[in-house]
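What follows is upload-v8.txt (compact mmCIF, C-alpha atoms and all ligand atoms).
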# COMPACT_ATOMS: atom_id res chain seq x y z
CA MET A 376 28.71 -17.13 37.17
CA THR A 377 31.15 -16.12 39.90
CA LYS A 378 33.33 -13.02 39.54
CA GLN A 379 36.29 -15.35 39.05
CA GLN A 380 34.50 -17.13 36.19
CA VAL A 381 33.62 -13.82 34.54
CA LEU A 382 37.26 -12.76 34.70
CA ASP A 383 38.44 -16.09 33.35
CA LEU A 384 36.00 -15.93 30.44
CA TYR A 385 36.07 -12.27 29.51
CA PHE A 386 39.13 -10.47 30.90
CA MET A 387 41.41 -10.96 27.89
CA ASP A 388 38.70 -9.88 25.45
CA ALA A 389 37.82 -6.80 27.49
CA ARG A 390 41.51 -5.94 27.94
CA SER A 391 42.02 -6.04 24.20
CA LYS A 392 38.99 -3.81 23.56
CA LEU A 393 40.13 -1.38 26.26
CA ILE A 394 43.54 -0.99 24.61
CA ASP A 395 41.81 -0.51 21.24
CA ILE A 396 39.81 2.39 22.69
CA ALA A 397 42.95 3.93 24.21
CA ALA A 398 44.75 3.61 20.87
CA PHE A 399 41.76 5.16 19.07
CA LEU A 400 41.87 8.21 21.37
CA ASP A 401 45.63 8.53 20.88
CA ARG A 402 45.16 8.31 17.09
CA LEU A 403 42.49 10.97 17.23
CA ASP A 404 44.75 13.27 19.26
CA ARG A 405 47.68 12.80 16.87
CA ALA A 406 45.58 13.55 13.81
CA GLU A 407 45.40 17.04 12.29
CA GLY A 408 42.37 19.31 12.05
CA GLN A 409 39.30 19.77 14.22
CA PRO A 410 37.12 16.80 15.25
CA ASP A 411 33.35 16.88 14.79
CA PHE A 412 30.83 16.38 17.63
CA ARG A 413 31.44 12.63 17.77
CA ALA A 414 34.76 13.08 19.56
CA GLY A 415 33.13 14.98 22.44
CA GLU A 416 30.17 12.61 22.60
CA PHE A 417 32.54 9.64 22.75
CA ARG A 418 34.44 11.14 25.68
CA LYS A 419 31.16 11.91 27.47
CA ALA A 420 30.03 8.31 27.00
CA LEU A 421 33.39 7.10 28.32
CA GLU A 422 32.57 8.63 31.71
CA TRP A 423 30.11 5.77 32.19
CA MET A 424 33.04 3.34 32.33
CA GLN A 425 34.07 4.64 35.74
CA SER A 426 30.53 4.88 37.05
CA ALA A 427 29.49 2.88 40.09
CA ASP A 428 26.14 2.33 38.35
CA GLN A 429 25.56 -1.28 37.33
CA GLU A 430 23.92 -0.28 34.07
CA ARG A 431 26.99 1.05 32.30
CA ALA A 432 26.12 -0.41 28.88
CA LYS A 433 22.70 1.22 29.09
CA GLY A 434 24.31 4.47 30.26
CA VAL A 435 26.69 4.53 27.28
CA LEU A 436 23.81 3.86 24.87
CA LEU A 437 21.65 6.57 26.44
CA SER A 438 24.56 8.98 26.35
CA LEU A 439 24.91 8.44 22.58
CA SER A 440 21.14 8.65 21.89
CA ASP A 441 18.90 11.38 20.53
CA PRO A 442 16.87 12.31 23.64
CA THR A 443 14.17 14.27 21.77
CA THR A 444 10.63 12.95 21.37
CA GLU A 445 9.08 14.67 18.33
CA PRO A 446 9.37 13.20 14.82
CA ILE A 447 11.52 15.33 12.51
CA ALA A 448 10.26 16.98 9.33
CA LYS A 449 12.57 15.32 6.85
CA ALA A 450 15.27 12.65 6.89
CA PRO A 451 18.76 14.17 6.57
CA GLY A 452 19.83 10.92 4.89
CA LYS A 453 19.28 7.23 5.53
CA GLY A 454 22.21 6.43 7.80
CA ALA A 455 23.04 6.95 11.46
CA CYS A 456 26.48 8.01 12.70
CA GLY A 457 26.36 6.62 16.25
CA ALA A 458 26.09 9.85 18.26
CA TRP A 459 23.60 12.69 18.52
CA PRO A 460 24.93 16.05 17.36
CA GLY A 461 22.63 18.05 19.64
CA PRO A 462 19.69 20.38 19.08
CA GLY A 463 19.66 22.90 16.28
CA THR A 464 22.02 20.96 14.02
CA GLU A 465 21.35 19.55 10.56
CA GLU A 466 20.97 16.00 11.89
CA GLY A 467 19.74 16.79 15.38
CA ARG A 468 17.07 19.46 14.69
CA MET Q 633 21.17 -27.90 18.88
CA ARG Q 634 18.13 -27.01 16.80
CA TYR Q 635 17.31 -23.34 16.44
CA ILE Q 636 15.09 -20.95 14.48
CA GLU Q 637 16.47 -18.01 12.51
CA PRO Q 638 13.48 -15.66 12.91
CA HIS Q 639 14.99 -12.72 11.02
CA GLY Q 640 17.31 -13.31 8.08
CA HIS Q 641 17.41 -11.48 4.75
CA MET Q 642 18.15 -14.56 2.73
CA VAL Q 643 17.66 -12.92 -0.68
CA SER Q 644 21.06 -11.33 -0.09
CA ARG Q 645 22.76 -14.50 1.14
CA THR Q 646 24.33 -17.34 -0.81
CA THR Q 647 23.08 -20.88 -1.17
CA ASP Q 648 26.17 -21.92 0.81
CA ASP Q 649 24.75 -19.92 3.74
CA TYR Q 650 21.54 -21.94 3.61
CA GLU Q 651 23.56 -25.12 3.68
CA ALA Q 652 25.72 -23.93 6.61
CA MET Q 653 22.65 -22.88 8.60
CA VAL Q 654 21.03 -26.28 8.14
CA TYR Q 655 24.26 -28.04 9.15
CA ALA Q 656 24.30 -25.84 12.27
CA GLY Q 657 20.78 -26.93 13.26
CA CYS Q 658 18.51 -24.32 11.72
CA ALA Q 659 14.94 -25.67 11.66
CA ALA Q 660 13.21 -22.71 9.96
CA VAL Q 661 14.13 -19.30 8.61
CA CYS Q 662 11.88 -16.24 8.53
CA GLU Q 663 12.54 -13.35 6.19
CA PRO Q 664 11.08 -9.88 6.75
CA ALA Q 665 10.82 -7.51 3.81
CA PHE Q 666 13.50 -4.83 3.98
CA TRP Q 667 15.59 -2.29 2.09
CA ALA Q 668 17.66 -3.58 -0.83
CA GLY Q 669 20.52 -1.15 -0.13
CA PHE Q 670 19.10 1.14 -2.83
CA ASP Q 671 15.63 2.64 -3.33
CA ARG Q 672 13.36 0.68 -5.63
CA GLY Q 673 12.00 2.77 -8.45
CA SER Q 674 8.37 1.69 -8.53
CA VAL Q 675 5.66 -0.45 -7.00
CA GLU Q 676 6.47 -3.11 -9.61
CA GLY Q 677 9.92 -3.47 -8.02
CA PHE Q 678 8.16 -4.33 -4.76
CA ARG Q 679 5.77 -6.73 -6.49
CA ASP Q 680 8.79 -8.62 -7.87
CA TYR Q 681 10.40 -8.59 -4.41
CA PHE Q 682 7.24 -9.98 -2.77
CA CYS Q 683 7.18 -12.74 -5.43
CA GLN Q 684 10.79 -13.51 -4.54
CA LEU Q 685 9.90 -13.69 -0.82
CA THR Q 686 6.81 -15.83 -1.29
CA ASP Q 687 7.83 -18.10 -4.17
CA TYR Q 688 11.47 -18.22 -5.20
CA GLU Q 689 13.17 -17.98 -1.80
CA PRO Q 690 11.05 -20.73 -0.15
CA ARG Q 691 11.99 -23.01 -3.04
CA ARG Q 692 15.70 -22.21 -2.61
CA ALA Q 693 15.46 -23.05 1.10
CA ALA Q 694 13.45 -26.21 0.41
CA ARG Q 695 16.45 -27.68 -1.45
CA PHE Q 696 17.94 -28.09 2.04
CA GLY Q 697 14.70 -29.18 3.69
CA LEU Q 698 14.49 -25.79 5.40
CA PRO Q 699 11.04 -24.21 5.88
CA HIS Q 700 11.14 -20.55 4.77
CA TYR Q 701 8.62 -17.92 5.92
CA SER Q 702 8.30 -14.26 5.07
CA TRP Q 703 6.87 -10.95 6.29
CA LEU Q 704 5.68 -8.17 3.99
CA CYS Q 705 5.84 -4.36 4.05
CA ILE Q 706 7.57 -1.35 2.60
CA ASN Q 707 10.49 -0.66 4.91
CA PRO Q 708 10.90 2.69 6.67
CA LYS Q 709 13.99 3.64 4.63
CA GLU Q 710 11.72 3.91 1.58
CA SER Q 711 8.74 5.41 3.41
CA GLU Q 712 9.76 9.04 2.89
CA ASP Q 713 8.18 8.75 -0.57
CA MET Q 714 4.58 8.50 0.62
CA VAL Q 715 3.07 8.09 -2.84
CA LEU Q 716 5.21 5.01 -3.50
CA ALA Q 717 4.56 3.76 0.05
CA GLU Q 718 0.78 3.96 -0.44
CA GLU Q 719 1.08 2.08 -3.76
CA VAL Q 720 3.08 -0.68 -2.05
CA LEU Q 721 0.62 -0.82 0.85
CA SER Q 722 -2.16 -1.36 -1.69
CA ILE Q 723 -0.56 -4.53 -3.13
CA ILE Q 724 0.36 -6.16 0.21
CA PRO Q 725 -3.10 -7.73 0.72
CA ASP Q 726 -2.64 -9.55 -2.64
CA PHE Q 727 0.19 -11.53 -1.01
CA LEU Q 728 -1.20 -12.09 2.49
CA GLY Q 729 -2.80 -15.34 1.33
CA CYS Q 730 0.53 -16.88 0.29
CA PRO Q 731 1.23 -20.01 2.36
CA ASN Q 732 4.59 -18.80 3.77
CA VAL Q 733 3.51 -15.30 4.83
CA LEU Q 734 3.49 -14.83 8.62
CA GLY Q 735 2.52 -11.17 8.93
CA ILE Q 736 3.45 -7.53 8.39
CA GLY Q 737 7.11 -6.61 8.79
CA GLU Q 738 9.64 -5.40 9.30
CA ILE Q 739 7.85 -2.11 9.66
CA GLY Q 740 9.05 0.70 11.92
CA LEU Q 741 11.14 3.83 11.71
CA ASN Q 742 14.59 4.73 10.41
CA LYS Q 743 15.29 8.45 10.93
CA ASN Q 744 12.11 9.08 12.97
CA THR Q 745 10.45 11.39 10.43
CA ARG Q 746 6.80 12.38 10.18
CA ASN Q 747 6.39 10.52 6.87
CA GLU Q 748 7.94 7.35 8.25
CA LEU Q 749 5.60 7.56 11.24
CA ARG Q 750 2.58 8.06 8.97
CA ILE Q 751 3.49 4.98 6.91
CA LEU Q 752 4.09 3.00 10.11
CA GLU Q 753 0.54 3.89 11.20
CA ARG Q 754 -0.77 2.75 7.79
CA HIS Q 755 0.98 -0.61 8.21
CA ILE Q 756 -0.47 -0.99 11.70
CA ASP Q 757 -3.87 -0.36 10.13
CA VAL Q 758 -3.33 -3.04 7.45
CA ALA Q 759 -2.14 -5.51 10.12
CA ALA Q 760 -5.16 -4.78 12.32
CA GLN Q 761 -7.63 -5.05 9.43
CA HIS Q 762 -6.20 -8.40 8.32
CA GLY Q 763 -5.48 -9.83 11.79
CA GLN Q 764 -1.76 -10.17 11.09
CA LEU Q 765 1.22 -10.69 13.38
CA VAL Q 766 3.61 -7.72 13.33
CA LEU Q 767 7.41 -7.60 13.27
CA VAL Q 768 8.90 -4.16 13.99
CA HIS Q 769 12.35 -2.84 13.08
CA THR Q 770 13.74 -0.22 15.46
CA PRO Q 771 16.15 2.44 14.17
CA HIS Q 772 19.90 2.24 14.34
CA LEU Q 773 22.36 3.72 16.82
CA GLU Q 774 21.54 7.24 18.06
CA ASP Q 775 18.02 7.03 16.60
CA LYS Q 776 16.98 3.80 18.36
CA LEU Q 777 15.78 5.17 21.70
CA LYS Q 778 13.57 7.88 20.20
CA GLY Q 779 12.31 5.58 17.44
CA THR Q 780 11.43 2.81 19.88
CA ARG Q 781 9.41 5.25 22.00
CA LEU Q 782 7.58 6.63 18.94
CA ILE Q 783 6.80 3.11 17.68
CA LEU Q 784 5.50 1.94 21.06
CA ASP Q 785 3.29 5.02 21.28
CA ALA Q 786 1.95 4.55 17.73
CA ILE Q 787 0.97 0.95 18.51
CA ARG Q 788 -0.69 1.99 21.75
CA ALA Q 789 -2.51 4.90 20.10
CA ASP Q 790 -3.97 2.59 17.44
CA GLY Q 791 -5.10 0.21 20.14
CA ARG Q 792 -6.19 -2.67 17.90
CA LEU Q 793 -3.09 -4.88 17.97
CA VAL Q 794 -2.77 -7.45 20.74
CA ALA Q 795 0.52 -6.68 22.50
CA ASP Q 796 1.93 -10.19 22.45
CA ARG Q 797 1.26 -10.55 18.72
CA VAL Q 798 3.83 -7.81 18.09
CA ILE Q 799 7.59 -8.30 18.28
CA ILE Q 800 9.85 -5.25 18.50
CA ASP Q 801 13.24 -6.23 17.11
CA HIS Q 802 16.83 -4.95 17.41
CA CYS Q 803 16.39 -4.12 21.12
CA GLU Q 804 19.45 -3.16 23.16
CA GLU Q 805 20.09 -2.45 26.84
CA HIS Q 806 18.39 0.97 26.70
CA THR Q 807 15.21 -0.17 24.90
CA LEU Q 808 14.55 -3.78 25.95
CA GLY Q 809 12.82 -2.85 29.19
CA LEU Q 810 10.57 -0.31 27.44
CA VAL Q 811 9.38 -2.97 24.98
CA LEU Q 812 8.77 -5.73 27.53
CA ASP Q 813 6.93 -3.32 29.83
CA ARG Q 814 4.33 -2.79 27.10
CA GLY Q 815 3.69 -6.53 26.85
CA HIS Q 816 5.33 -6.99 23.45
CA TRP Q 817 7.86 -9.60 22.49
CA ALA Q 818 11.42 -8.33 22.09
CA GLY Q 819 14.09 -9.32 19.60
CA ILE Q 820 17.84 -9.06 20.12
CA THR Q 821 19.94 -8.88 16.98
CA LEU Q 822 23.43 -10.33 16.84
CA TYR Q 823 25.09 -8.04 14.36
CA PRO Q 824 28.63 -6.68 14.36
CA GLU Q 825 29.23 -2.99 15.14
CA SER Q 826 25.69 -1.60 15.07
CA LYS Q 827 23.75 -4.03 17.30
CA THR Q 828 24.76 -6.62 19.91
CA THR Q 829 27.40 -9.26 20.51
CA PRO Q 830 26.59 -12.75 21.81
CA ALA Q 831 27.92 -11.78 25.27
CA ARG Q 832 25.68 -8.70 25.55
CA ALA Q 833 22.69 -10.61 24.22
CA ILE Q 834 23.07 -13.24 26.94
CA ASP Q 835 23.62 -10.54 29.57
CA MET Q 836 20.21 -9.10 28.58
CA TYR Q 837 18.61 -12.54 28.57
CA GLU Q 838 19.93 -13.14 32.09
CA GLN Q 839 18.81 -9.75 33.40
CA TYR Q 840 15.51 -9.04 31.69
CA SER Q 841 13.46 -11.89 30.31
CA ARG Q 842 13.79 -15.53 29.49
CA GLN Q 843 10.31 -15.72 28.02
CA ASN Q 844 9.14 -13.20 25.44
CA LEU Q 845 12.48 -12.84 23.76
CA TRP Q 846 14.10 -14.12 20.57
CA LEU Q 847 17.57 -13.90 19.08
CA ASN Q 848 18.25 -13.30 15.41
CA SER Q 849 21.17 -12.62 13.11
CA ALA Q 850 19.36 -10.19 10.75
CA CYS Q 851 21.92 -11.43 8.23
CA ASP Q 852 21.70 -9.33 5.07
CA TRP Q 853 23.98 -7.69 2.51
CA GLY Q 854 25.96 -5.88 5.24
CA ARG Q 855 28.73 -7.38 7.37
CA SER Q 856 26.68 -9.94 9.25
CA ASP Q 857 26.80 -13.59 10.22
CA PRO Q 858 24.06 -16.11 9.39
CA LEU Q 859 25.55 -18.42 12.05
CA SER Q 860 25.44 -15.91 14.89
CA ILE Q 861 22.66 -17.78 16.73
CA PRO Q 862 24.58 -21.10 16.93
CA LYS Q 863 27.63 -19.08 17.99
CA THR Q 864 25.57 -17.57 20.80
CA VAL Q 865 24.59 -21.09 21.84
CA LEU Q 866 28.30 -21.70 22.46
CA GLU Q 867 28.42 -18.49 24.52
CA MET Q 868 25.57 -19.77 26.70
CA ARG Q 869 27.29 -23.12 27.17
CA ARG Q 870 30.51 -21.35 28.23
CA ARG Q 871 28.49 -19.64 30.94
CA GLY Q 872 27.01 -22.90 32.13
CA HIS Q 873 23.41 -22.49 30.96
CA ARG Q 874 21.52 -25.77 30.79
CA GLU Q 875 20.80 -27.26 27.36
CA SER Q 876 17.06 -27.05 28.00
CA ALA Q 877 17.34 -23.31 28.73
CA ILE Q 878 19.44 -22.73 25.62
CA GLU Q 879 16.97 -24.57 23.41
CA GLY Q 880 14.17 -22.64 25.07
CA LEU Q 881 15.70 -19.38 23.94
CA VAL Q 882 16.83 -20.23 20.41
CA TYR Q 883 14.05 -22.66 19.48
CA GLY Q 884 11.18 -22.72 21.95
CA ASN Q 885 10.66 -18.96 22.20
CA PRO Q 886 10.55 -18.18 18.46
CA VAL Q 887 8.32 -21.22 17.87
CA ARG Q 888 5.94 -19.92 20.55
CA PHE Q 889 5.69 -16.45 19.00
CA LEU Q 890 5.55 -17.58 15.37
CA SER Q 891 3.02 -20.35 16.03
CA GLN Q 892 0.48 -17.64 16.76
CA ASN Q 893 0.12 -17.85 13.00
CA PRO Q 894 -1.05 -21.42 12.27
CA ARG Q 895 0.84 -21.33 8.96
CA PHE Q 896 4.08 -21.69 10.90
CA GLN Q 897 4.74 -25.44 10.82
CA LEU Q 898 7.97 -27.29 11.44
CA ARG Q 899 9.06 -30.57 9.88
CA LEU Q 900 8.71 -33.66 12.08
CA GLU Q 901 6.13 -31.96 14.28
ZN ZN A 1001 16.01 -6.82 9.08

Is it possible to express this structure as structure tokens?
Amino acid sequence: MTKQQVLDLYFMDARSKLIDIAAFLDRLDRAEGQPDFRAGEFRKALEWMQSADQERAKGVLLSLSDPTTEPIAKAPGKGACGAWPGPGTEEGR
Amino acid sequence: MRYIEPHGHMVSRTTDDYEAMVYAGCAAVCEPAFWAGFDRGSVEGFRDYFCQLTDYEPRRAARFGLPHYSWLCINPKESEDMVLAEEVLSIIPDFLGCPNVLGIGEIGLNKNTRNELRILERHIDVAAQHGQLVLVHTPHLEDKLKGTRLILDAIRADGRLVADRVIIDHCEEHTLGLVLDRGHWAGITLYPESKTTPARAIDMYEQYSRQNLWLNSACDWGRSDPLSIPKTVLEMRRRGHRESAIEGLVYGNPVRFLSQNPRFQLRLE
């Protein structure tokens, strides 16, 4: 596909998702209380959007991943929350 | 456009879904054993589930002329209870002779625990002993990268499975290359929120591999879409991919992997 074709096919969809992310950050800022680690991890992952790297999707995924390599002793639960809380935490070990 | 659904949890779908899939061109559906959304209480719960996968569900699909295949295991979400897991592992060989069983799956990891890893190694052992194909589930979200690495290392450490008889499913941009580099097949799952969209799936297809790759919906009891493969066909057409290339991805590739088990037969072939 040419760059023009990519824009024609995907610009409106990407624009809509971009505004959704902006609105999500605004909503988070307006809300009361303290955010958990996910807010900071989300902002860190966002930095990939402005990267010159051509593997931005991979960069966002890596940014939100548990980078450790050893299996953990016990499952903290069955689910995943989408971001890694960091070492020494209940979920992150 | 004919296609294969190589990973659908049809026990949690309606009969209308079967009908819609067949209308959309589905030529076969394959159903890995998985978590029911709650923990089963005993090995007898698994025996009943394996009967459902090997007897009842193929008959439900056959009402629409759709071949139904299954894969057997205890899934990683229930592998923390190692006593139960060993009991389930002991009954799996009783079902490996069923005519619709293609192999061991979907095994893997969920939260990347030591117990899950131990039960994964036990499944790899059963698969190696019985010469079975293997379908692997990789963990969700933040756990996927670590889990994929642990799984790849466990398979390599065992050393008995032939790499291209193993498919590692639910790959994303950060894990697909790792899987293909080891010589395994890779699966991309079209699933809202937690996995990939049609656009990202086709991006990966264009960048990484057009060969040892399949698409699946992993439709189950969660928000998921049993028609996500035909919808991705539309995505490929919008990008100008040739019909032969599209059919190669959604039909030819899964047929090539699954036909490594001679039980996998399609109608009219
Ligand atoms: Zn599944």

Env. residues ligand ZN 1001 (chain A) / 10 Å / all atoms listed in the file / as a list in words: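 Answer in the requested format: Pro638, His639, Gly640, His641, Glu663, Pro664, Ala665, Phe666, Trp667, Asn707, Gly737, Glu738, Ile739, Leu767, Val768, His769, Thr770, Asp801, His802, Thr821, Asn848, Ser849, Ala850, Cys851 and Asp852 of chain Q.
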
Each residue of chain Q lying at most 6 Å from chain A should get a row with its shortest atom-to-atom pair and the distance in Å to one decimal, counting only C-alpha atoms; could you produce that, ordered by chain and increasing number, as a tab-separated table?
residue	atom	partner	partner_atom	distance
Q:Lys743	CA	A:Ala450	CA	5.8
Q:Asn744	CA	A:Pro446	CA	5.3
Q:Thr745	CA	A:Ile447	CA	4.6
Q:Arg746	CA	A:Pro446	CA	5.4
Q:Leu773	CA	A:Gly457	CA	5.0
Q:Glu774	CA	A:Ser440	CA	4.1
Q:Asp775	CA	A:Asp441	CA	5.9
Q:Lys778	CA	A:Thr444	CA	6.0
Q:Glu805	CA	A:Lys433	CA	5.0
Q:His806	CA	A:Lys433	CA	4.9

What is the atom CA of Gly763 of chain Q to atom CA of Gly791 of chain Q distance in Å?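 Atom CA of Gly791 of chain Q lies 13.1 Å from atom CA of Gly763 of chain Q.
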
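The space separating atom CA of Ala759 of chain Q from atom CA of Met714 of chain Q comes to 18.2 Å.
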
Could you work out how far atom CA of Gly657 of chain Q lies from atom CA of Tyr883 of chain Q, giving the answer in Å with one decimal?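 Between these atoms lies a distance of 10.1 Å.
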
Do a neighbour search on segment 862-875 of chain Q at 9 Å with only C-alpha atoms, toss out local chain neighbours closer than 3 positions, and write the hits as a PyMOL selection string. (chain A and resi 376+380-381+384) or (chain Q and resi 633-635+653+656-658+822+829-831+833-834+847+859+878-880+882)

Enumerate, as number ranges by chain, the protein, DNA and RNA residues whose atoms approach (7.0, 1.8, 21.0) to within 10 Å, taking into account only C-alpha atoms and the coordinate frame of the file. Q: 740, 768, 770, 777-788, 800, 807, 810-811, 814, 816
